[in-house]
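Written below as structure tokens is the structure these notes are about.
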Amino acid sequence: MKKISVLLLATALLQGQFIAAQTNGEPSNAALEKKSVYFESGINASLPVHIQMYRTHRMGIGINARVGKIVSRKVELGIRFDYDYRFIKKNTRILTAESTLAERASHNNFSLFCIKPNIQFNMNSHWFWGAETGIGYALSDEDPKIGLGYVSEYASDQQFGLCSGLYMGRYFVINPKINKIGISMNLTQFLALGHAENSLGFKLNYRFLN
């Protein structure tokens with residue numbers, strides 16, 4: 001009789017734990033659904049790696065912001081906004097009165113704005129990689145109308161182009177329930193008229209969880 005009582009008690013305890021686990025699991029699933037959309041933002045830094053831009057310009061710095069949607073544990077969809085300001089190399093601004101607008105623009109700083117839908121793949125809870133492509137808009141400090149038109153392969157007023165990128169990085173968790181920091185290496189390009197100007201750099205982003 002004592003063995004039967006112990007068995008019944010153990011069975012009751014197991015059932016109670018199972019019910020409690022199911023009850024506790026429902027809010028967790030609901031919380032996960034609420035966190036399926038997130039926002040991250042941070043800073044960019046890059047160097048030109050294509051010969052045309054590399055000759056005249058150096059580091060670019062800027063900001064970026066991304067809204068992401070968790071589709072599954074492995075896949076996320078999102079859209080990113082990038083802004084970069086690229087500086088000319090020192091002691092390269094050698095111009096004369098006869099210098100053309102394109103020549104003057106090639107020795108001046110410029111801004112680049114991009115909006116890029118992207119897809120991100122999570123290799124595990126920390127490492128990720130992704131690809132993105134969208135529209136880019138360039139503004140030269142010399143003349144806003146020229147954009148990246150100083151590049152010989154572009155038209156003289158090349159403001160719009162296709163902006164694309166590949167990136168790979170890692171998240172560092174600060175608090176699993178609040179936020180985490182992501183660091184990624186990025187290869188980006190501005191493509192127009194069949195010619196691409198590339199840059200290589202990194203992003204440091206702070207990811208906000210809902």
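By order of appearance in the structure tokens: chains A, B, ..., then residues from 1 within every chain, and ligands from 1 in the order shown.
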
* **Near-A:Val37 list (7 Å; only C-alpha atoms; drop same-chain fewer than 6 positions) as JSON, numbers by chain** => {"A": [68, 69, 70]}

Convert the current residue selection to file output with C-alpha atoms, as a PDB file, in the first residue's frame.
ATOM      1  CA  GLY A  68      14.771  43.328 -38.930  1.00  0.00           C
ATOM      2  CA  LYS A  69      12.091  40.664 -38.894  1.00  0.00           C
ATOM      3  CA  ILE A  70      12.883  37.203 -37.485  1.00  0.00           C
TER       4      ILE A  70
END

Do you have, as a Markdown table, the list of residues of stretch 57-97 of chain A lying at most 12 Å from stretch 176-198 of chain A, each with its nearest atom pair and that distance in Å to one decimal, counting only C-alpha atoms and ordered by chain then number?
| residue | atom | partner | partner_atom | distance |
| --- | --- | --- | --- | --- |
| A:His57 | CA | A:Glu197 | CA | 11.7 |
| A:Asp82 | CA | A:Thr188 | CA | 10.9 |
| A:Asp84 | CA | A:Thr188 | CA | 11.5 |

* **Close residues, A:Gly62 itself excluded, 6 Å, only C-alpha atoms, min 2 positions apart in chain, as a list in words** => Ile43, Asn44, Tyr83, Asp84 and Tyr85 of chain A

Residues from last step as file, all heavy atoms, as a PDB file, in the first residue's frame:
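File again-v4.pdb, as written:
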ATOM      1  N   ILE A  43      27.483  52.693 -36.014  1.00  0.00           N
ATOM      2  CA  ILE A  43      28.419  53.502 -36.789  1.00  0.00           C
ATOM      3  C   ILE A  43      29.101  52.642 -37.858  1.00  0.00           C
ATOM      4  O   ILE A  43      29.221  51.425 -37.718  1.00  0.00           O
ATOM      5  CB  ILE A  43      29.487  54.150 -35.885  1.00  0.00           C
ATOM      6  CG1 ILE A  43      30.258  53.082 -35.108  1.00  0.00           C
ATOM      7  CG2 ILE A  43      28.840  55.150 -34.932  1.00  0.00           C
ATOM      8  CD1 ILE A  43      31.431  53.635 -34.319  1.00  0.00           C
ATOM      9  N   ASN A  44      29.553  53.306 -38.929  1.00  0.00           N
ATOM     10  CA  ASN A  44      30.278  52.658 -40.024  1.00  0.00           C
ATOM     11  C   ASN A  44      31.675  53.280 -40.142  1.00  0.00           C
ATOM     12  O   ASN A  44      31.860  54.465 -39.858  1.00  0.00           O
ATOM     13  CB  ASN A  44      29.596  52.863 -41.381  1.00  0.00           C
ATOM     14  CG  ASN A  44      28.100  52.710 -41.334  1.00  0.00           C
ATOM     15  OD1 ASN A  44      27.579  51.888 -40.590  1.00  0.00           O
ATOM     16  ND2 ASN A  44      27.402  53.496 -42.145  1.00  0.00           N
ATOM     17  N   TYR A  83      24.385  55.898 -44.132  1.00  0.00           N
ATOM     18  CA  TYR A  83      24.914  57.198 -44.536  1.00  0.00           C
ATOM     19  C   TYR A  83      26.418  57.175 -44.297  1.00  0.00           C
ATOM     20  O   TYR A  83      26.888  56.838 -43.200  1.00  0.00           O
ATOM     21  CB  TYR A  83      24.302  58.335 -43.730  1.00  0.00           C
ATOM     22  CG  TYR A  83      25.061  59.638 -43.908  1.00  0.00           C
ATOM     23  CD1 TYR A  83      24.969  60.352 -45.097  1.00  0.00           C
ATOM     24  CD2 TYR A  83      25.918  60.125 -42.911  1.00  0.00           C
ATOM     25  CE1 TYR A  83      25.689  61.516 -45.299  1.00  0.00           C
ATOM     26  CE2 TYR A  83      26.630  61.297 -43.095  1.00  0.00           C
ATOM     27  CZ  TYR A  83      26.515  61.990 -44.285  1.00  0.00           C
ATOM     28  OH  TYR A  83      27.241  63.139 -44.476  1.00  0.00           O
ATOM     29  N   ASP A  84      27.197  57.508 -45.337  1.00  0.00           N
ATOM     30  CA  ASP A  84      28.650  57.567 -45.226  1.00  0.00           C
ATOM     31  C   ASP A  84      29.162  58.894 -45.767  1.00  0.00           C
ATOM     32  O   ASP A  84      28.667  59.383 -46.795  1.00  0.00           O
ATOM     33  CB  ASP A  84      29.302  56.426 -46.013  1.00  0.00           C
ATOM     34  CG  ASP A  84      29.169  55.095 -45.310  1.00  0.00           C
ATOM     35  OD1 ASP A  84      29.805  54.916 -44.260  1.00  0.00           O
ATOM     36  OD2 ASP A  84      28.422  54.236 -45.822  1.00  0.00           O
ATOM     37  N   TYR A  85      30.149  59.439 -45.085  1.00  0.00           N
ATOM     38  CA  TYR A  85      30.819  60.665 -45.531  1.00  0.00           C
ATOM     39  C   TYR A  85      32.282  60.319 -45.762  1.00  0.00           C
ATOM     40  O   TYR A  85      32.989  59.916 -44.839  1.00  0.00           O
ATOM     41  CB  TYR A  85      30.682  61.759 -44.482  1.00  0.00           C
ATOM     42  CG  TYR A  85      31.184  63.115 -44.949  1.00  0.00           C
ATOM     43  CD1 TYR A  85      30.430  63.870 -45.840  1.00  0.00           C
ATOM     44  CD2 TYR A  85      32.399  63.628 -44.500  1.00  0.00           C
ATOM     45  CE1 TYR A  85      30.873  65.114 -46.272  1.00  0.00           C
ATOM     46  CE2 TYR A  85      32.851  64.871 -44.926  1.00  0.00           C
ATOM     47  CZ  TYR A  85      32.082  65.599 -45.817  1.00  0.00           C
ATOM     48  OH  TYR A  85      32.524  66.833 -46.248  1.00  0.00           O
TER      49      TYR A  85
END

* **Exercise: A:Ala155 partners within 9 Å, only C-alpha atoms, chain neighbours under 3 positions left out, as a ChimeraX atom specification** => /A:146,148-152,158,192-193

* **In stretch 21-187 of chain A, DSSP alpha helix (DSSP H) residues written as a list in words** => Ala21, Gln22, Thr23, Asn24, Gly25, Glu26, Pro27, Ser28, Asn29, Ala30, Ala31, Leu32, Glu33, Lys34, Ile51, Gln52, Met53, Tyr54, Arg55, Thr56, Leu101, Ala102, Glu103, Arg104, Ala105 and Ser106 of chain A

* **Exercise: A:Ser140 partners within 8 Å, only C-alpha atoms, chain neighbours under 2 positions left out, as a list in words** => Ala105, Asn108, Asn109, Phe110, Ser111, Ala138, Glu142, Asp143, Pro144, Lys145, Ile146, Gly147 and Leu148 of chain A

* Separation of atom CA of A:Ala45 from atom CA of A:Ser125 in Å ->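 Calculated distance between atom CA of A:Ser125 and atom CA of A:Ala45 is 25.1 Å.
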
* **Distance in Å - atom CA of A:Gln52 versus atom CA of A:Glu103** => 12.4 Å

* Asked: Got a sec: who's within 7 Å of A:Pro48, counting only C-alpha atoms, leaving out chain neighbours fewer than 3 positions off, as a list in words?
  ->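 After dropping sequence-adjacent residues, the list is Met53, Tyr54, Arg58, Asn198, Ser199 and Leu200 of chain A.
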
* **Residue nearest A:Ile115 - candidates A:Leu101, A:Val49, A:Ala65, A:Val71, atoms counted: only C-alpha atoms** =>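 Smallest separation from A:Ile115 among the options: A:Ala65.
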
* If you count only C-alpha atoms, which residues fall within 10 Å of stretch 126-132 of chain A, apart from same-chain ones fewer than 4 positions away, as number ranges by chain? -> A: 74-80, 115-122, 163-173, 182-188

* Measuring atom to atom with only C-alpha atoms, identify which of A:Arg207, A:Phe87, A:Ser72, A:Leu162 is nearest to A:Ser46. =>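 Among A:Arg207, A:Phe87, A:Ser72, A:Leu162, it is A:Phe87 that comes nearest to A:Ser46.
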
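Take atom CA of A:Phe208 and atom CA of A:Leu112: the distance between them is 25.4 Å.
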
* To do: Based on DSSP run over this structure's backbone, return all residues of stretch 50-144 of chain A in strand (DSSP E or B), as an NGL selection string.
  => :A and (57-70 or 75-88 or 110-122 or 127-140)
